$ cat my_file.txt   # compact mmCIF, C-alpha atoms
# COMPACT_ATOMS: atom_id res chain seq x y z
CA MET A 43 -83.76 36.29 121.74
CA GLU A 44 -86.85 36.18 119.53
CA ARG A 45 -87.02 32.37 119.82
CA LYS A 46 -86.76 32.46 123.62
CA LEU A 47 -89.45 35.12 123.88
CA ARG A 48 -91.82 32.98 121.79
CA GLU A 49 -91.07 30.01 124.05
CA TRP A 50 -91.77 32.06 127.23
CA GLU A 51 -94.95 33.34 125.62
CA ARG A 52 -96.13 29.79 124.92
CA GLU A 53 -95.38 28.80 128.52
CA LYS A 54 -97.49 31.78 129.76
CA LEU A 55 -94.47 33.34 131.46
CA LEU A 56 -94.86 36.56 129.47
CA SER A 57 -97.77 38.31 127.82
CA GLN A 58 -97.67 39.09 124.11
CA GLU A 59 -97.37 42.83 124.80
CA THR A 60 -94.44 42.36 127.21
CA ALA A 61 -92.61 40.10 124.74
CA ALA A 62 -93.05 42.69 121.96
CA THR A 63 -91.76 45.47 124.23
CA ILE A 64 -88.66 43.46 125.22
CA LEU A 65 -87.94 42.57 121.59
CA ALA A 66 -88.26 46.22 120.48
CA TYR A 67 -85.93 47.35 123.29
CA GLU A 68 -83.27 44.73 122.45
CA LYS A 69 -83.35 45.65 118.76
CA GLN A 70 -82.86 49.29 119.73
CA GLN A 71 -79.97 48.49 122.07
CA HIS A 72 -78.29 46.03 119.69
CA PRO A 73 -79.08 47.07 116.11
CA ALA A 74 -78.15 44.65 113.35
CA GLY A 75 -74.88 45.16 111.55
CA LYS A 76 -73.04 46.87 114.42
CA LYS A 77 -71.29 43.86 115.90
CA ALA A 78 -67.59 44.18 116.48
CA ARG A 79 -65.63 42.36 113.84
CA MET A 80 -62.07 41.18 113.82
CA PRO A 81 -59.84 42.90 111.26
CA LEU A 82 -59.15 40.80 108.18
CA LEU A 83 -55.37 40.90 108.61
CA MET A 84 -55.72 39.69 112.21
CA ILE A 85 -57.85 36.73 111.04
CA VAL A 86 -55.29 35.83 108.36
CA GLY A 87 -52.48 36.14 110.91
CA LEU A 88 -54.29 33.89 113.37
CA VAL A 89 -54.85 31.27 110.66
CA PHE A 90 -51.14 31.18 109.74
CA PHE A 91 -50.11 31.17 113.40
CA THR A 92 -52.44 28.21 114.08
CA LEU A 93 -51.05 26.31 111.08
CA ALA A 94 -47.50 26.93 112.26
CA VAL A 95 -48.29 25.70 115.79
CA PHE A 96 -49.97 22.53 114.52
CA SER A 97 -47.12 21.88 112.07
CA PHE A 98 -44.56 22.17 114.87
CA ILE A 99 -46.58 19.83 117.11
CA ALA A 100 -47.02 17.28 114.33
CA ALA A 101 -43.30 17.31 113.49
CA ASN A 102 -42.25 16.67 117.09
CA TRP A 103 -45.20 14.53 118.24
CA GLN A 104 -43.34 11.23 118.44
CA VAL A 105 -40.57 12.54 120.70
CA MET A 106 -42.82 14.45 123.10
CA PRO A 107 -43.30 13.09 126.65
CA PRO A 108 -46.80 11.72 127.38
CA LEU A 109 -47.60 14.50 129.86
CA LEU A 110 -46.67 17.16 127.34
CA LYS A 111 -48.92 15.58 124.69
CA SER A 112 -51.93 15.56 127.01
CA GLY A 113 -51.12 19.05 128.25
CA LEU A 114 -50.96 20.47 124.73
CA VAL A 115 -54.35 19.08 123.74
CA LEU A 116 -55.92 20.23 127.03
CA SER A 117 -54.40 23.68 126.51
CA LEU A 118 -55.94 23.86 123.05
CA MET A 119 -59.27 22.83 124.51
CA TRP A 120 -59.24 25.62 127.10
CA LEU A 121 -57.94 28.07 124.50
CA PHE A 122 -60.99 27.51 122.31
CA TYR A 123 -63.35 27.71 125.27
CA GLY A 124 -61.68 30.99 126.20
CA LEU A 125 -62.11 32.25 122.65
CA GLY A 126 -65.78 31.29 122.83
CA MET A 127 -66.22 33.30 126.03
CA ALA A 128 -64.35 36.28 124.59
CA SER A 129 -66.27 36.20 121.31
CA GLU A 130 -69.57 36.20 123.24
CA LYS A 131 -68.54 39.19 125.36
CA ARG A 132 -66.80 41.18 122.63
CA GLY A 133 -69.21 40.33 119.83
CA PHE A 134 -66.76 38.88 117.29
CA GLY A 135 -66.83 35.51 115.56
CA LYS A 136 -69.17 32.64 116.44
CA PRO A 137 -69.04 31.53 120.10
CA VAL A 138 -70.77 28.24 119.31
CA LEU A 139 -68.07 27.37 116.75
CA PHE A 140 -65.28 27.88 119.29
CA ARG A 141 -67.15 25.79 121.84
CA LEU A 142 -67.74 22.99 119.34
CA ILE A 143 -64.01 22.91 118.61
CA GLY A 144 -63.41 22.87 122.37
CA LEU A 145 -65.77 19.88 122.66
CA ALA A 146 -63.86 18.12 119.88
CA MET A 147 -60.60 18.88 121.69
CA PHE A 148 -62.08 17.33 124.84
CA GLY A 149 -62.62 14.09 122.94
CA ALA A 150 -59.16 14.37 121.40
CA SER A 151 -57.60 14.86 124.86
CA LEU A 152 -59.18 11.60 126.03
CA ILE A 153 -57.81 9.73 123.01
CA VAL A 154 -54.34 11.27 123.30
CA THR A 155 -54.14 10.60 127.03
CA ALA A 156 -55.24 6.98 126.59
CA GLN A 157 -52.72 6.39 123.78
CA ALA A 158 -49.89 8.23 125.52
CA PHE A 159 -50.21 6.15 128.68
CA HIS A 160 -51.06 2.94 126.79
CA LEU A 161 -54.60 2.73 128.13
CA SER A 162 -57.39 0.87 126.35
CA THR A 163 -59.52 2.96 123.97
CA SER A 164 -61.97 0.16 123.20
CA GLY A 165 -65.55 0.09 124.46
CA ALA A 166 -67.97 2.96 124.87
CA ILE A 167 -66.12 5.07 127.49
CA LEU A 168 -64.92 7.72 125.01
CA PRO A 169 -68.27 8.29 123.23
CA TRP A 170 -70.01 8.15 126.61
CA ALA A 171 -67.82 11.00 127.89
CA VAL A 172 -68.33 13.15 124.78
CA PHE A 173 -72.07 12.37 124.76
CA LEU A 174 -72.46 13.58 128.35
CA ALA A 175 -70.21 16.58 127.68
CA ALA A 176 -72.37 17.57 124.69
CA LEU A 177 -75.48 17.32 126.87
CA PHE A 178 -73.84 19.61 129.46
CA HIS A 179 -72.94 22.06 126.68
CA TYR A 180 -76.57 22.11 125.56
CA ALA A 181 -77.81 22.57 129.13
CA ILE A 182 -75.53 25.61 129.55
CA TRP A 183 -75.69 27.31 126.15
CA ARG A 184 -78.95 25.97 124.62
CA HIS A 185 -77.79 25.78 121.00
CA ASN A 186 -78.94 23.20 118.45
CA ALA A 187 -75.34 22.52 117.42
CA PHE A 188 -74.82 20.76 120.76
CA VAL A 189 -78.09 18.86 120.23
CA VAL A 190 -76.69 17.47 116.97
CA ALA A 191 -73.35 16.65 118.64
CA ALA A 192 -75.11 14.86 121.53
CA PHE A 193 -77.30 12.90 119.11
CA ILE A 194 -74.32 11.79 117.02
CA MET A 195 -72.30 10.73 120.07
CA GLY A 196 -75.37 9.02 121.55
CA GLY A 197 -75.70 6.97 118.38
CA VAL A 198 -71.98 6.16 118.48
CA THR A 199 -72.33 5.11 122.12
CA LEU A 200 -75.10 2.69 121.18
CA GLY A 201 -73.10 1.33 118.27
CA MET A 202 -69.87 0.91 120.22
CA SER A 203 -71.46 -1.58 122.62
CA VAL A 204 -71.83 -4.23 119.90
CA PRO A 205 -72.22 -7.21 120.05
CA ALA A 206 -73.29 -7.21 123.69
CA VAL A 207 -74.19 -4.60 126.29
CA THR A 208 -74.48 -5.04 130.03
CA TRP A 209 -77.65 -4.21 131.92
CA LEU A 210 -75.81 -1.47 133.84
CA GLU A 211 -74.56 0.24 130.68
CA TRP A 212 -77.97 -0.05 128.99
CA SER A 213 -79.75 1.33 132.06
CA LEU A 214 -77.42 4.32 132.39
CA PHE A 215 -77.75 5.22 128.71
CA THR A 216 -81.54 4.85 128.77
CA LEU A 217 -81.74 6.98 131.91
CA ALA A 218 -79.59 9.72 130.33
CA ALA A 219 -81.70 9.71 127.13
CA LEU A 220 -84.97 9.75 129.13
CA ILE A 221 -83.83 12.68 131.27
CA TRP A 222 -82.81 14.54 128.12
CA LEU A 223 -86.23 13.82 126.60
CA VAL A 224 -88.24 14.90 129.64
CA VAL A 225 -86.39 18.19 130.17
CA SER A 226 -86.29 19.14 126.46
CA ARG A 227 -88.56 21.95 125.28
CA GLU A 228 -87.37 22.57 121.72
CA GLN A 229 -88.42 20.39 118.79
CA LEU A 230 -85.00 19.24 117.55
CA SER A 231 -83.88 18.29 121.06
CA LEU A 232 -87.15 16.42 121.66
CA ILE A 233 -86.94 14.48 118.40
CA PHE A 234 -83.29 13.46 118.79
CA SER A 235 -83.69 12.41 122.43
CA TRP A 236 -86.85 10.44 121.52
CA ILE A 237 -84.94 8.60 118.76
CA LEU A 238 -82.16 7.72 121.21
CA VAL A 239 -84.70 6.29 123.67
CA PHE A 240 -86.16 4.22 120.82
CA GLY A 241 -82.63 3.12 119.90
CA SER A 242 -81.98 2.02 123.47
CA GLY A 243 -85.07 -0.20 123.19
CA LEU A 244 -83.62 -1.81 120.07
CA LYS A 245 -80.38 -2.32 121.99
CA LEU A 246 -82.18 -4.84 124.19
CA TRP A 247 -81.47 -7.35 121.43
CA ALA A 248 -77.81 -7.18 122.51
CA THR A 249 -78.39 -7.59 126.25
CA PRO A 250 -77.83 -10.97 127.89
CA ALA A 251 -81.51 -11.20 128.75
CA TYR A 252 -84.74 -12.56 127.35
CA GLU A 253 -84.53 -12.84 123.57
CA SER A 254 -87.57 -11.32 121.90
CA PRO A 255 -88.23 -10.23 118.29
CA PHE A 256 -90.70 -7.59 119.54
CA TRP A 257 -88.42 -5.10 121.33
CA PRO A 258 -89.23 -2.31 118.79
CA VAL A 259 -92.96 -2.70 119.45
CA TRP A 260 -92.56 -2.84 123.22
CA THR A 261 -90.38 0.28 123.04
CA LEU A 262 -92.97 2.17 120.98
CA PHE A 263 -95.72 1.19 123.43
CA PHE A 264 -93.54 2.39 126.32
CA LEU A 265 -93.01 5.70 124.51
CA VAL A 266 -96.78 6.05 124.10
CA MET A 267 -97.18 5.76 127.87
CA LEU A 268 -94.34 8.25 128.33
CA LEU A 269 -96.43 10.91 126.60
CA PHE A 270 -98.56 11.21 129.74
CA VAL A 271 -95.63 12.56 131.78
CA LEU A 272 -94.71 15.12 129.13
CA GLN A 273 -96.21 18.57 128.74
CA LYS A 274 -98.84 19.35 126.14
CA GLU A 275 -96.44 21.20 123.83
CA GLN A 276 -93.93 18.33 124.03
CA ARG A 277 -96.65 15.81 123.11
CA ARG A 278 -97.72 17.94 120.15
CA MET A 279 -94.18 17.98 118.73
CA LEU A 280 -93.53 14.26 119.30
CA MET A 281 -96.79 12.71 118.11
CA PRO A 282 -95.89 12.73 114.37
CA LEU A 283 -92.98 10.39 115.14
CA TYR A 284 -95.23 7.55 116.29
CA PRO A 285 -97.00 6.74 112.98
CA ILE A 286 -93.69 7.18 111.12
CA PHE A 287 -91.73 4.74 113.28
CA GLY A 288 -94.75 2.44 113.55
CA ALA A 289 -95.00 2.26 109.74
CA MET A 290 -91.27 1.55 109.40
CA THR A 291 -91.47 -1.18 112.05
CA LEU A 292 -94.43 -2.84 110.32
CA LEU A 293 -92.60 -2.82 106.98
CA VAL A 294 -89.52 -4.43 108.57
CA TYR A 295 -91.61 -7.22 110.10
CA LEU A 296 -93.37 -7.76 106.77
CA ALA A 297 -90.04 -7.99 104.91
CA VAL A 298 -88.52 -10.37 107.49
CA ARG A 299 -91.57 -12.64 107.60
CA GLY A 300 -91.91 -12.68 103.82
CA GLU A 301 -88.27 -13.58 103.24
CA THR A 302 -88.09 -16.24 106.00
CA GLU A 303 -89.01 -19.81 105.27
CA GLY A 304 -90.50 -21.75 108.13
CA MET A 305 -91.11 -20.69 111.71
CA LEU A 306 -89.13 -17.77 113.10
CA PRO A 307 -87.04 -18.49 116.20
CA ASP A 308 -87.92 -16.93 119.55
CA LEU A 309 -91.63 -16.69 118.71
CA SER A 310 -93.81 -17.25 121.74
CA TRP A 311 -97.60 -17.49 121.82
CA ILE A 312 -97.60 -16.09 125.36
CA GLU A 313 -95.63 -12.99 124.35
CA ALA A 314 -97.68 -12.61 121.16
CA TRP A 315 -100.94 -12.53 123.15
CA GLY A 316 -99.32 -10.19 125.70
CA LEU A 317 -98.34 -7.88 122.84
CA ALA A 318 -101.90 -7.99 121.50
CA ALA A 319 -103.26 -7.06 124.95
CA ALA A 320 -100.78 -4.16 125.16
CA GLY A 321 -101.86 -3.05 121.68
CA ALA A 322 -105.50 -3.04 122.83
CA VAL A 323 -104.53 -0.85 125.80
CA VAL A 324 -102.66 1.55 123.51
CA LEU A 325 -105.68 1.63 121.18
CA GLY A 326 -108.00 2.55 124.04
CA ILE A 327 -105.64 5.22 125.36
CA SER A 328 -105.13 6.65 121.88
CA LEU A 329 -108.86 6.90 121.15
CA TRP A 330 -109.37 8.48 124.56
CA LYS A 331 -106.64 11.12 124.54
CA LEU A 332 -103.93 10.62 121.91
CA ARG A 333 -105.68 10.26 118.54
CA PRO A 334 -102.58 10.78 116.29
CA VAL A 335 -100.89 7.82 118.02
CA VAL A 336 -103.74 5.39 117.27
CA TRP A 337 -101.87 3.89 114.29
CA THR A 338 -99.18 2.56 116.62
CA SER A 339 -101.69 0.20 118.27
CA ILE A 340 -101.86 -1.87 115.05
CA LEU A 341 -98.41 -3.24 115.92
CA GLY A 342 -99.98 -5.14 118.82
CA ALA A 343 -101.25 -7.71 116.30
CA VAL A 344 -97.80 -8.28 114.77
CA GLY A 345 -96.94 -11.00 117.28
CA LEU A 346 -99.90 -13.14 116.23
CA MET A 347 -99.48 -12.40 112.51
CA LEU A 348 -95.84 -13.55 112.49
CA PHE A 349 -97.06 -17.13 113.03
CA ASP A 350 -98.55 -16.93 109.52
CA GLN A 351 -95.65 -18.21 107.40
CA SER A 352 -97.18 -16.87 104.17
CA ALA A 353 -97.01 -13.24 105.47
CA ILE A 354 -100.45 -12.63 103.93
CA LEU A 355 -101.89 -11.17 107.14
CA LEU A 356 -98.99 -8.73 107.52
CA ALA A 357 -99.24 -7.71 103.86
CA VAL A 358 -102.99 -7.06 104.13
CA THR A 359 -102.47 -5.08 107.34
CA ALA A 360 -99.72 -2.95 105.81
CA GLU A 361 -101.83 -2.31 102.69
CA ALA A 362 -104.91 -1.44 104.74
CA THR A 363 -102.99 0.94 107.02
CA ALA A 364 -101.37 2.66 104.02
CA LEU A 365 -104.74 3.29 102.37
CA GLY A 366 -106.42 4.07 105.68
CA TYR A 367 -103.82 6.68 106.61
CA LEU A 368 -104.20 8.37 103.21
CA VAL A 369 -107.97 8.62 103.69
CA TYR A 370 -107.47 9.83 107.29
CA ALA A 371 -104.97 12.51 106.21
CA GLN A 372 -107.18 13.62 103.32
CA LYS A 373 -110.27 14.06 105.51
CA ARG A 374 -108.31 16.16 108.04
CA GLY A 375 -106.45 18.28 105.52
CA MET A 376 -103.05 16.86 106.53
CA VAL A 377 -99.97 16.62 104.30
CA LEU A 378 -100.40 13.60 102.01
CA ALA A 379 -96.76 13.16 100.93
CA PRO A 380 -95.74 10.88 103.87
CA GLY A 381 -98.81 8.72 103.27
CA PHE A 382 -98.03 8.33 99.57
CA VAL A 383 -94.38 7.48 100.33
CA TYR A 384 -95.50 4.81 102.80
CA PHE A 385 -98.05 3.48 100.27
CA VAL A 386 -95.34 3.15 97.58
CA LEU A 387 -92.96 1.45 100.03
CA VAL A 388 -95.66 -1.05 100.99
CA GLN A 389 -96.25 -1.85 97.32
CA ALA A 390 -92.50 -2.32 96.76
CA VAL A 391 -92.10 -4.68 99.73
CA ILE A 392 -95.17 -6.70 98.73
CA TYR A 393 -93.87 -6.92 95.16
CA VAL A 394 -90.46 -8.20 96.31
CA ILE A 395 -92.05 -10.77 98.63
CA PHE A 396 -94.85 -12.14 96.49
CA ALA A 397 -94.22 -11.18 92.87
CA TRP A 398 -90.46 -11.17 92.33
CA GLY A 399 -89.74 -13.44 89.40
CA ARG A 400 -93.46 -14.15 88.82
CA LEU A 401 -94.83 -10.79 87.74
CA ASP A 402 -93.49 -8.36 85.21
CA MET A 403 -92.28 -5.16 86.87
CA ALA A 404 -94.26 -3.04 84.42
CA LEU A 405 -97.45 -4.78 85.56
CA PHE A 406 -96.52 -4.09 89.17
CA PHE A 407 -96.14 -0.36 88.51
CA LEU A 408 -99.35 -0.40 86.46
CA ILE A 409 -101.27 -1.86 89.40
CA GLY A 410 -99.74 0.72 91.73
CA ALA A 411 -100.66 3.55 89.36
CA VAL A 412 -104.25 2.32 89.07
CA LEU A 413 -104.54 2.20 92.86
CA LEU A 414 -103.12 5.72 93.20
CA PHE A 415 -105.46 7.08 90.52
CA ALA A 416 -108.41 5.40 92.21
CA LEU A 417 -107.42 6.86 95.56
CA SER A 418 -106.95 10.31 94.01
CA GLY A 419 -110.41 10.03 92.47
CA VAL A 420 -111.94 9.17 95.84
CA ALA A 421 -110.14 12.11 97.44
CA TRP A 422 -111.38 14.48 94.71
CA TRP A 423 -114.94 13.21 95.14
CA VAL A 424 -114.79 13.73 98.93
CA ASN A 425 -113.46 17.27 98.49
CA HIS A 426 -116.06 18.04 95.84
CA ARG A 427 -118.90 16.90 98.08
CA ARG A 428 -117.50 18.89 100.99
CA GLU A 429 -117.27 22.07 98.87
CA GLU A 430 -120.85 21.56 97.68
CA ALA A 431 -122.02 21.14 101.27
CA VAL A 432 -120.23 24.34 102.33
CA SER A 433 -121.65 26.33 99.39
$ encode --input "my_file.txt" --output "structure tokens"
Amino acid sequence: MERKLREWEREKLLSQETAATILAYEKQQHPAGKKARMPLLMIVGLVFFTLAVFSFIAANWQVMPPLLKSGLVLSLMWLFYGLGMASEKRGFGKPVLFRLIGLAMFGASLIVTAQAFHLSTSGAILPWAVFLAALFHYAIWRHNAFVVAAFIMGGVTLGMSVPAVTWLEWSLFTLAALIWLVVSREQLSLIFSWILVFGSGLKLWATPAYESPFWPVWTLFFLVMLLFVLQKEQRRMLMPLYPIFGAMTLLVYLAVRGETEGMLPDLSWIEAWGLAAAGAVVLGISLWKLRPVVWTSILGAVGLMLFDQSAILLAVTAEATALGYLVYAQKRGMVLAPGFVYFVLVQAVIYVIFAWGRLDMALFFLIGAVLLFALSGVAWWVNHRREEAVS
């Protein structure tokens, strides 16, 4: 209740005074600690009864007719949904737990029915069904447990379509993830749906279409444009994802280019220049309205830098962005831990690419420590000057 009131307050549906009055009234009507609880002996009895039922089913499973098998699992599914409804009305147990078990039974009923009638269980039909069912559960009951279930089944759906995915299947999944993203208002739901949309962009590698090594960058640029159709609060919660995924993408390209001898396949000067033009557009848009996303625009130059077989340009870019982000975060009072983690990862990748077998590891860590101490000294000096200016 308190979470929903805060959300309505942010959306200007309620005033702060009205929200406080509603919260005080609900606490008075439903004081903590007075929920109806099931007696302990009844809980123990239900546990033993459930074990006995499952033992009987398991012992006679092989000789049961197919219709009876499917009917039993479906009955268990509706039983748990009924328990969830009763627990919500009567105030005992955890309704979300019963509904999660019911969702699991839904998936089990599909498997049992397919096996009982000798239907194919290969492909992405099963995870697709559970993924959509989890989304419907979240739409009805608005609990983060269903967000996690939908995210897991969405990832399984993407993984099950290996090694190839049809355009129809890819389009339907992307549409479902985009709708979930656009209608989401809570942070966990937004983040998980955003990651699934990004994953669907990576899935383009498996489509029988144009082969490109830049699908992650194109997907990130598309997600930047998508910010304009989202609400202000949604943009605020999603923006931290862009530099994180941009940094990871840059590191992957650096590692691949550094470990590959010769020219990479599927590289195209036309696409590389198109990517650079898109990066310039993203840079302009970011400086105009979406400042935290500006780091993503650096990926527009990746297409041109991959033609450098020595990977020097990518290494310099990764190093410069790592140091630049630390300075940027320090000046704005942001958390420095992600920047330092990225800085250390950049040093590790550069070491593996350029210094493995040529440079002693102790020297590598010594260089990294010197750089970190130098950066810390610069940060201290900036803070000291700022405090002197304020005083």
$ atom_distance --input "my_file.txt" --atom1 "CA of Trp247 in chain A" --atom2 "CA of Met279 in chain A"
28.5 Å
$ residues_near_point --input "my_file.txt" --point "(-90.0, 39.5, 121.2)" --cutoff "6 Å" --atoms "all atoms listed in the file" --output "list in words"
Glu44, Leu47, Ala61, Ala62, Ile64 and Leu65 of chain A
$ atom_distance --input "my_file.txt" --atom1 "CA of Leu309 in chain A" --atom2 "CA of Thr359 in chain A"
19.5 Å
$ residues_near_point --input "my_file.txt" --point "(-72.5, 10.3, 118.3)" --cutoff "12 Å" --atoms "only C-alpha atoms" --output "PyMOL selection string"
chain A and resi 146+149+166+168-177+188-202+234+238
$ atom_distance --input "my_file.txt" --atom1 "CA of Arg141 in chain A" --atom2 "CA of Gly126 in chain A"
5.8 Å
$ residues_around --input "my_file.txt" --residues "Phe385 in chain A" --least-positions-apart "5" --cutoff "12 Å" --atoms "only C-alpha atoms" --output "VMD selection string"
chain A and resid 289 to 290 293 357 359 to 369 378 to 380 390 to 392 410 to 411 413 to 414 417
